[in-house]
>>> print(open('upload26.txt').read())   # compact mmCIF, C-alpha atoms
# COMPACT_ATOMS: atom_id res chain seq x y z
CA MET A 1 16.48 24.73 -19.86
CA ALA A 2 14.13 21.88 -19.05
CA GLU A 3 11.10 22.70 -16.92
CA THR A 4 11.36 21.56 -13.30
CA PRO A 5 8.71 18.89 -12.65
CA THR A 6 5.98 19.85 -10.20
CA LEU A 7 3.64 17.75 -8.12
CA ARG A 8 0.11 18.75 -7.12
CA ILE A 9 -1.79 16.91 -4.37
CA HIS A 10 -5.48 16.55 -5.21
CA GLU A 11 -6.57 14.81 -2.01
CA VAL A 12 -5.52 12.45 0.73
CA CYS A 13 -8.23 9.82 1.12
CA PRO A 14 -8.57 7.75 4.30
CA ILE A 15 -9.34 4.24 3.07
CA SER A 16 -10.67 1.68 5.54
CA PRO A 17 -11.63 -1.98 5.30
CA PRO A 18 -15.37 -2.64 4.97
CA GLN A 19 -17.39 -2.09 8.16
CA GLU A 20 -17.86 -5.80 8.78
CA THR A 21 -14.08 -6.35 9.10
CA PRO A 22 -13.48 -7.50 12.71
CA SER A 23 -10.81 -6.22 15.08
CA THR A 24 -7.48 -7.98 14.72
CA THR A 25 -4.39 -8.16 16.93
CA ILE A 26 -1.24 -9.87 15.70
CA PRO A 27 1.86 -10.35 17.86
CA PHE A 28 5.31 -9.94 16.38
CA THR A 29 7.66 -12.89 16.18
CA PHE A 30 11.41 -12.90 16.72
CA PHE A 31 11.75 -12.63 12.92
CA ASP A 32 9.72 -9.40 12.85
CA VAL A 33 11.25 -7.54 15.76
CA LEU A 34 14.67 -7.44 14.04
CA TRP A 35 13.29 -4.79 11.67
CA LEU A 36 11.40 -2.71 14.22
CA ARG A 37 13.64 0.40 14.10
CA LEU A 38 14.72 0.17 10.47
CA PRO A 39 13.58 2.79 7.92
CA PRO A 40 10.39 1.98 6.00
CA VAL A 41 10.50 0.14 2.69
CA GLU A 42 9.57 2.16 -0.41
CA ARG A 43 8.41 0.68 -3.71
CA LEU A 44 7.21 2.35 -6.88
CA PHE A 45 5.18 0.87 -9.73
CA PHE A 46 4.53 2.53 -13.10
CA TYR A 47 1.50 1.80 -15.30
CA SER A 48 1.35 3.23 -18.81
CA PHE A 49 -1.92 3.74 -20.68
CA PRO A 50 -2.25 2.64 -24.31
CA ASN A 51 -4.82 5.42 -24.86
CA PRO A 52 -4.56 9.11 -23.93
CA THR A 53 -5.83 9.70 -20.40
CA THR A 54 -6.66 13.22 -19.28
CA THR A 55 -7.07 14.36 -15.69
CA SER A 56 -10.86 14.54 -15.95
CA SER A 57 -11.24 11.12 -17.57
CA PHE A 58 -9.11 9.52 -14.88
CA PHE A 59 -10.70 11.20 -11.87
CA ASP A 60 -14.30 11.43 -13.10
CA THR A 61 -14.82 7.98 -14.60
CA THR A 62 -14.66 4.60 -12.90
CA ILE A 63 -10.86 4.32 -12.86
CA LEU A 64 -10.10 6.12 -9.61
CA PRO A 65 -13.34 5.07 -7.81
CA ASN A 66 -12.61 1.44 -8.67
CA LEU A 67 -9.06 1.76 -7.36
CA LYS A 68 -10.39 3.13 -4.06
CA HIS A 69 -13.17 0.56 -3.74
CA SER A 70 -10.92 -2.38 -4.60
CA LEU A 71 -8.36 -1.10 -2.09
CA SER A 72 -11.00 -1.21 0.65
CA LEU A 73 -12.01 -4.74 -0.38
CA THR A 74 -8.38 -5.82 -0.28
CA LEU A 75 -7.91 -4.43 3.23
CA HIS A 76 -10.75 -6.67 4.37
CA HIS A 77 -8.34 -9.57 3.82
CA PHE A 78 -5.32 -7.61 5.07
CA PRO A 79 -6.75 -5.69 8.08
CA PRO A 80 -3.41 -5.43 9.95
CA LEU A 81 -2.18 -3.15 7.16
CA ALA A 82 -4.70 -0.55 8.31
CA GLY A 83 -3.64 -1.00 11.91
CA THR A 84 -0.98 0.42 14.20
CA ILE A 85 2.22 -1.02 15.61
CA THR A 86 2.57 -0.51 19.36
CA TRP A 87 4.51 -2.15 22.20
CA PRO A 88 2.22 -2.21 25.24
CA ASN A 89 3.75 -2.65 28.68
CA HIS A 90 1.87 -5.93 29.15
CA SER A 91 3.25 -7.50 25.96
CA PRO A 92 6.68 -9.14 25.61
CA LEU A 93 6.72 -8.18 21.92
CA PRO A 94 5.19 -5.41 19.78
CA LEU A 95 1.67 -5.86 18.41
CA ILE A 96 -0.13 -4.88 15.24
CA THR A 97 -3.67 -3.91 16.19
CA TYR A 98 -6.52 -3.12 13.82
CA THR A 99 -9.80 -1.77 15.16
CA PRO A 100 -12.81 -0.76 13.02
CA GLY A 101 -12.41 2.83 11.93
CA ASN A 102 -8.67 2.57 11.32
CA THR A 103 -7.64 3.81 7.88
CA ILE A 104 -4.65 4.06 5.60
CA PRO A 105 -3.77 7.33 3.78
CA PHE A 106 -4.20 7.12 0.01
CA THR A 107 -2.69 10.24 -1.58
CA ILE A 108 -3.94 11.25 -5.03
CA ALA A 109 -1.52 13.51 -6.90
CA GLN A 110 -0.70 14.78 -10.38
CA SER A 111 2.70 15.43 -11.94
CA ASN A 112 3.81 17.21 -15.09
CA ALA A 113 7.06 15.22 -15.20
CA ASP A 114 7.93 13.03 -18.16
CA PHE A 115 6.50 9.60 -17.41
CA ASN A 116 8.85 7.69 -19.71
CA THR A 117 11.93 9.31 -18.22
CA LEU A 118 10.86 8.69 -14.64
CA SER A 119 10.01 5.05 -15.32
CA SER A 120 13.40 4.44 -16.95
CA ASN A 121 16.64 3.49 -15.25
CA LEU A 122 18.25 6.90 -15.69
CA SER A 123 20.01 7.72 -12.43
CA GLN A 124 19.76 11.49 -12.90
CA VAL A 125 15.98 11.45 -12.36
CA ASN A 126 16.09 9.62 -9.02
CA HIS A 127 15.62 12.78 -6.95
CA HIS A 128 12.23 13.32 -8.65
CA LEU A 129 11.07 9.83 -7.75
CA GLN A 130 10.92 10.68 -4.04
CA ASN A 131 7.93 12.94 -4.76
CA LEU A 132 6.00 9.86 -5.84
CA ILE A 133 6.54 8.00 -2.55
CA PRO A 134 4.11 8.54 0.38
CA HIS A 135 5.22 9.33 3.92
CA LEU A 136 4.66 6.73 6.62
CA THR A 137 3.85 8.00 10.11
CA ILE A 138 6.37 6.53 12.55
CA SER A 139 7.29 7.55 16.07
CA HIS A 140 9.08 5.83 18.95
CA GLU A 141 5.72 5.02 20.57
CA GLU A 142 3.70 3.80 17.58
CA ALA A 143 3.88 3.39 13.83
CA SER A 144 1.57 3.05 10.87
CA VAL A 145 1.97 -0.01 8.66
CA LEU A 146 1.11 1.20 5.16
CA ALA A 147 0.77 4.37 3.07
CA LEU A 148 -0.07 4.64 -0.64
CA GLN A 149 0.19 7.34 -3.28
CA LEU A 150 -1.20 7.38 -6.80
CA THR A 151 0.33 9.98 -9.11
CA LEU A 152 -1.27 10.68 -12.46
CA PHE A 153 0.80 11.73 -15.47
CA PRO A 154 -1.92 13.01 -17.86
CA ASN A 155 -1.96 11.28 -21.26
CA GLN A 156 0.93 9.05 -20.19
CA GLY A 157 0.09 6.81 -17.24
CA PHE A 158 0.25 6.74 -13.46
CA SER A 159 2.44 5.47 -10.67
CA ILE A 160 1.62 3.83 -7.37
CA GLY A 161 4.04 4.39 -4.51
CA ILE A 162 3.83 2.11 -1.50
CA THR A 163 5.61 2.69 1.80
CA THR A 164 5.52 -0.08 4.38
CA HIS A 165 6.91 -0.78 7.82
CA HIS A 166 9.50 -3.49 7.32
CA ALA A 167 8.68 -5.22 10.60
CA ALA A 168 5.10 -5.75 9.39
CA LEU A 169 5.67 -6.63 5.73
CA ASP A 170 8.48 -8.24 3.83
CA GLY A 171 8.81 -8.17 0.06
CA LYS A 172 6.68 -11.27 -0.48
CA SER A 173 3.78 -10.10 1.66
CA SER A 174 3.89 -6.61 0.12
CA THR A 175 3.72 -8.15 -3.35
CA LEU A 176 0.83 -10.40 -2.28
CA PHE A 177 -1.08 -7.31 -1.16
CA ILE A 178 -0.46 -5.52 -4.48
CA LYS A 179 -1.53 -8.59 -6.47
CA SER A 180 -4.71 -8.91 -4.40
CA TRP A 181 -5.53 -5.24 -4.95
CA ALA A 182 -4.97 -5.68 -8.70
CA HIS A 183 -7.21 -8.76 -8.69
CA PHE A 184 -10.14 -6.96 -7.05
CA CYS A 185 -9.72 -3.94 -9.31
CA SER A 186 -9.73 -6.15 -12.38
CA GLN A 187 -12.91 -7.85 -11.18
CA LEU A 188 -14.64 -4.50 -10.69
CA ASN A 189 -13.64 -3.41 -14.18
CA THR A 190 -14.71 -6.59 -15.96
CA SER A 191 -17.54 -8.06 -13.83
CA PRO A 192 -18.81 -5.35 -11.46
CA GLU A 193 -22.09 -7.14 -10.72
CA GLU A 194 -20.60 -10.50 -9.77
CA PRO A 195 -19.58 -11.48 -6.21
CA LEU A 196 -15.97 -10.55 -5.53
CA SER A 197 -13.52 -12.94 -3.93
CA LEU A 198 -9.83 -13.69 -3.73
CA PRO A 199 -8.41 -16.90 -5.20
CA LYS A 200 -6.82 -19.21 -2.67
CA HIS A 201 -3.24 -18.37 -3.65
CA LEU A 202 -3.82 -14.67 -2.83
CA ILE A 203 -5.42 -15.14 0.62
CA PRO A 204 -2.93 -14.18 3.35
CA SER A 205 -2.37 -16.12 6.55
CA PHE A 206 -1.76 -14.41 9.91
CA ASP A 207 -1.33 -17.62 11.90
CA ARG A 208 1.74 -17.04 14.09
CA SER A 209 1.54 -20.54 15.61
CA VAL A 210 3.27 -22.00 12.55
CA ILE A 211 6.50 -20.28 13.66
CA ARG A 212 8.19 -22.51 16.23
CA ASP A 213 10.23 -20.64 18.82
CA THR A 214 11.81 -23.59 20.61
CA LEU A 215 14.54 -21.42 22.18
CA GLY A 216 12.13 -18.83 23.55
CA ILE A 217 13.77 -16.02 21.60
CA GLY A 218 10.48 -14.17 21.17
>>> encode(input="upload26.txt", output="structure tokens")
Amino acid sequence: MAETPTLRIHEVCPISPPQETPSTTIPFTFFDVLWLRLPPVERLFFYSFPNPTTTSSFFDTTILPNLKHSLSLTLHHFPPLAGTITWPNHSPLPLITYTPGNTIPFTIAQSNADFNTLSSNLSQVNHHLQNLIPHLTISHEEASVLALQLTLFPNQGFSIGITTHHAALDGKSSTLFIKSWAHFCSQLNTSPEEPLSLPKHLIPSFDRSVIRDTLGIG
């Protein structure tokens, strides 16, 4: 009988944007509010390693620290993702508000499951995949926007699970965030001493004035 895969949580790190990131408040539009009460969106990415990677080499070298640092740098450009969705009495629509000190939970875990099987399209392993997805805190009064989980499969690779509030991020914006995170992490790995920046095509826009609501729906 095959061994039942187990998952061990090493830590849950609160990751925040850099201290100089200013407060941000973004109002919802009539496009966003449609998804307010829908379940969160869950995505899972698998990254294999060409060389054997043990637990100690992953956690104790620059790999995990660079992932954490680059995540913080990315949130500087995406501060609403570290914020909270609320619907104040004075506002006609919900708001996403980020204030300095807000964080996102970044769960670091380890699994003894077979990486190649989990990253395949075999339907019988789907119930194990849920262990690799982080929980997003949502209530009727307020909701978090983003949660992340990295799960290491020693000597095989790792996965990154991302759970997002659908009213705050669609598929395109979620992918833009992941690409920006990957860009910063790559820069830290290849040119750690050089100034870090995002290319123009990865810089998000939070300008709600471009959405014309001529009918006053929102």
>>> atom_distance(input="upload26.txt", atom1="CA of His166 in chain A", atom2="CA of His69 in chain A")
25.5 Å
>>> closest_residue(input="upload26.txt", among="A:Thr62, A:Thr137, A:Asn116, A:Thr84", to="Thr99 in chain A", atoms="all atoms listed in the file")
A:Thr84
>>> residues_near_point(input="upload26.txt", point="(-1.2, -1.4, 8.5)", cutoff="9 Å", atoms="all atoms listed in the file", output="list in words")
Phe78, Pro79, Pro80, Leu81, Ala82, Gly83, Thr84, Ile85, Ile96, Thr97, Tyr98, Asn102, Thr103, Ile104, Ala143, Ser144, Val145, Leu146, Ala147, Thr164, His165 and Ala168 of chain A
>>> write_last_selection(input="upload26.txt", atoms="C-alpha atoms", output="PDB file, in the frame of the given file")
ATOM      1  CA  PHE A  78      -5.320  -7.610   5.070  1.00  0.00           C
ATOM      2  CA  PRO A  79      -6.750  -5.690   8.080  1.00  0.00           C
ATOM      3  CA  PRO A  80      -3.410  -5.430   9.950  1.00  0.00           C
ATOM      4  CA  LEU A  81      -2.180  -3.150   7.160  1.00  0.00           C
ATOM      5  CA  ALA A  82      -4.700  -0.550   8.310  1.00  0.00           C
ATOM      6  CA  GLY A  83      -3.640  -1.000  11.910  1.00  0.00           C
ATOM      7  CA  THR A  84      -0.980   0.420  14.200  1.00  0.00           C
ATOM      8  CA  ILE A  85       2.220  -1.020  15.610  1.00  0.00           C
ATOM      9  CA  ILE A  96      -0.130  -4.880  15.240  1.00  0.00           C
ATOM     10  CA  THR A  97      -3.670  -3.910  16.190  1.00  0.00           C
ATOM     11  CA  TYR A  98      -6.520  -3.120  13.820  1.00  0.00           C
ATOM     12  CA  ASN A 102      -8.670   2.570  11.320  1.00  0.00           C
ATOM     13  CA  THR A 103      -7.640   3.810   7.880  1.00  0.00           C
ATOM     14  CA  ILE A 104      -4.650   4.060   5.600  1.00  0.00           C
ATOM     15  CA  ALA A 143       3.880   3.390  13.830  1.00  0.00           C
ATOM     16  CA  SER A 144       1.570   3.050  10.870  1.00  0.00           C
ATOM     17  CA  VAL A 145       1.970  -0.010   8.660  1.00  0.00           C
ATOM     18  CA  LEU A 146       1.110   1.200   5.160  1.00  0.00           C
ATOM     19  CA  ALA A 147       0.770   4.370   3.070  1.00  0.00           C
ATOM     20  CA  THR A 164       5.520  -0.080   4.380  1.00  0.00           C
ATOM     21  CA  HIS A 165       6.910  -0.780   7.820  1.00  0.00           C
ATOM     22  CA  ALA A 168       5.100  -5.750   9.390  1.00  0.00           C
TER      23      ALA A 168
END
>>> atom_distance(input="upload26.txt", atom1="CA of Leu129 in chain A", atom2="CA of Ala113 in chain A")
10.0 Å
>>> closest_residue(input="upload26.txt", among="A:Leu75, A:Leu44, A:Ile178, A:Ile26", to="Asn126 in chain A", atoms="all atoms listed in the file")
A:Leu44
>>> residues_around(input="upload26.txt", residues="Leu198 in chain A", least_positions_apart="2", cutoff="10 Å", atoms="only C-alpha atoms", output="number ranges by chain")
A: 73-74, 77, 180-181, 183-184, 187, 196, 200-204
>>> closest_residue(input="upload26.txt", among="A:Pro88, A:Gly161, A:Pro18, A:Pro94", to="Trp35 in chain A", atoms="only C-alpha atoms")
A:Pro94
>>> residues_around(input="upload26.txt", residues="His128 in chain A", least_positions_apart="6", cutoff="12 Å", atoms="all atoms listed in the file", output="list in words")
Thr4, Pro5, Thr6, Leu7, Ser111, Asn112, Ala113, Asp114, Phe115, Thr117, Leu118, Ser119 and Leu122 of chain A
>>> atom_distance(input="upload26.txt", atom1="CA of Phe106 in chain A", atom2="CA of Arg8 in chain A")
14.3 Å
>>> residues_around(input="upload26.txt", residues="Ser48 in chain A", least_positions_apart="3", cutoff="12 Å", atoms="only C-alpha atoms", output="PyMOL selection string")
chain A and resi 45+51-53+114-116+118-119+151-160
>>> closest_residue(input="upload26.txt", among="A:Thr163, A:Asn189, A:Thr29, A:Ser16", to="Leu64 in chain A", atoms="all atoms listed in the file")
A:Asn189
>>> closest_residue(input="upload26.txt", among="A:Leu95, A:Ile211, A:Leu150, A:Leu188", to="Leu36 in chain A", atoms="only C-alpha atoms")
A:Leu95
>>> residues_around(input="upload26.txt", residues="Glu11 in chain A", least_positions_apart="2", cutoff="7 Å", atoms="all atoms listed in the file", output="PyMOL selection string")
chain A and resi 9+13+107-108
>>> closest_residue(input="upload26.txt", among="A:Pro17, A:Val12, A:Phe30, A:Leu71", to="Pro92 in chain A", atoms="all atoms listed in the file")
A:Phe30
>>> decode(input="upload26.txt", residues="range 52-120 of chain A", atoms="C-alpha atoms", output="JSON list (two decimals), in the first residue's frame")
[["chain", "number", "residue", "atom", "x", "y", "z"],
["A", 52, "PRO", "CA", 18.86, 17.64, -6.02],
["A", 53, "THR", "CA", 17.58, 20.08, -3.41],
["A", 54, "THR", "CA", 17.48, 19.04, 0.23],
["A", 55, "THR", "CA", 15.50, 20.75, 2.96],
["A", 56, "SER", "CA", 18.58, 22.39, 4.47],
["A", 57, "SER", "CA", 19.92, 23.67, 1.15],
["A", 58, "PHE", "CA", 16.57, 25.23, 0.31],
["A", 59, "PHE", "CA", 15.87, 26.85, 3.66],
["A", 60, "ASP", "CA", 19.42, 27.76, 4.69],
["A", 61, "THR", "CA", 20.79, 29.22, 1.45],
["A", 62, "THR", "CA", 19.60, 32.23, -0.49],
["A", 63, "ILE", "CA", 16.66, 30.51, -2.19],
["A", 64, "LEU", "CA", 13.98, 31.02, 0.46],
["A", 65, "PRO", "CA", 15.32, 34.39, 1.73],
["A", 66, "ASN", "CA", 15.34, 35.71, -1.84],
["A", 67, "LEU", "CA", 11.76, 34.53, -2.37],
["A", 68, "LYS", "CA", 10.67, 36.38, 0.78],
["A", 69, "HIS", "CA", 12.62, 39.55, -0.02],
["A", 70, "SER", "CA", 11.46, 39.68, -3.63],
["A", 71, "LEU", "CA", 7.87, 39.14, -2.45],
["A", 72, "SER", "CA", 8.15, 42.22, -0.23],
["A", 73, "LEU", "CA", 9.61, 44.24, -3.10],
["A", 74, "THR", "CA", 6.75, 43.13, -5.34],
["A", 75, "LEU", "CA", 4.14, 44.19, -2.78],
["A", 76, "HIS", "CA", 5.61, 47.69, -2.91],
["A", 77, "HIS", "CA", 4.13, 47.90, -6.42],
["A", 78, "PHE", "CA", 0.99, 45.95, -5.46],
["A", 79, "PRO", "CA", 0.16, 47.35, -1.98],
["A", 80, "PRO", "CA", -3.61, 46.64, -2.22],
["A", 81, "LEU", "CA", -2.79, 42.93, -2.19],
["A", 82, "ALA", "CA", -1.59, 43.32, 1.40],
["A", 83, "GLY", "CA", -4.70, 45.26, 2.30],
["A", 84, "THR", "CA", -8.22, 44.45, 3.45],
["A", 85, "ILE", "CA", -11.58, 44.58, 1.71],
["A", 86, "THR", "CA", -14.25, 46.39, 3.73],
["A", 87, "TRP", "CA", -17.54, 48.14, 2.99],
["A", 88, "PRO", "CA", -17.73, 51.20, 5.25],
["A", 89, "ASN", "CA", -21.10, 52.79, 5.91],
["A", 90, "HIS", "CA", -19.94, 56.03, 4.27],
["A", 91, "SER", "CA", -18.95, 54.34, 1.00],
["A", 92, "PRO", "CA", -21.36, 53.39, -1.81],
["A", 93, "LEU", "CA", -19.03, 50.53, -2.79],
["A", 94, "PRO", "CA", -16.50, 48.31, -0.99],
["A", 95, "LEU", "CA", -12.93, 49.52, -0.61],
["A", 96, "ILE", "CA", -9.51, 47.89, -0.59],
["A", 97, "THR", "CA", -7.40, 49.66, 2.00],
["A", 98, "TYR", "CA", -3.70, 49.17, 2.64],
["A", 99, "THR", "CA", -2.04, 50.83, 5.62],
["A", 100, "PRO", "CA", 1.64, 50.42, 6.61],
["A", 101, "GLY", "CA", 2.00, 47.37, 8.79],
["A", 102, "ASN", "CA", -0.48, 45.26, 6.83],
["A", 103, "THR", "CA", 0.92, 41.89, 5.81],
["A", 104, "ILE", "CA", 0.08, 38.82, 3.77],
["A", 105, "PRO", "CA", 0.55, 35.28, 5.17],
["A", 106, "PHE", "CA", 3.30, 33.31, 3.42],
["A", 107, "THR", "CA", 3.13, 29.69, 4.56],
["A", 108, "ILE", "CA", 6.29, 27.58, 4.24],
["A", 109, "ALA", "CA", 5.62, 23.84, 4.21],
["A", 110, "GLN", "CA", 7.20, 20.53, 3.27],
["A", 111, "SER", "CA", 5.58, 17.46, 1.73],
["A", 112, "ASN", "CA", 6.73, 13.89, 1.23],
["A", 113, "ALA", "CA", 4.31, 13.39, -1.67],
["A", 114, "ASP", "CA", 5.55, 12.48, -5.12],
["A", 115, "PHE", "CA", 6.19, 15.75, -6.94],
["A", 116, "ASN", "CA", 5.86, 14.32, -10.45],
["A", 117, "THR", "CA", 2.53, 12.69, -9.68],
["A", 118, "LEU", "CA", 1.06, 15.80, -8.08],
["A", 119, "SER", "CA", 2.18, 18.03, -10.94],
["A", 120, "SER", "CA", 0.61, 15.70, -13.52]]
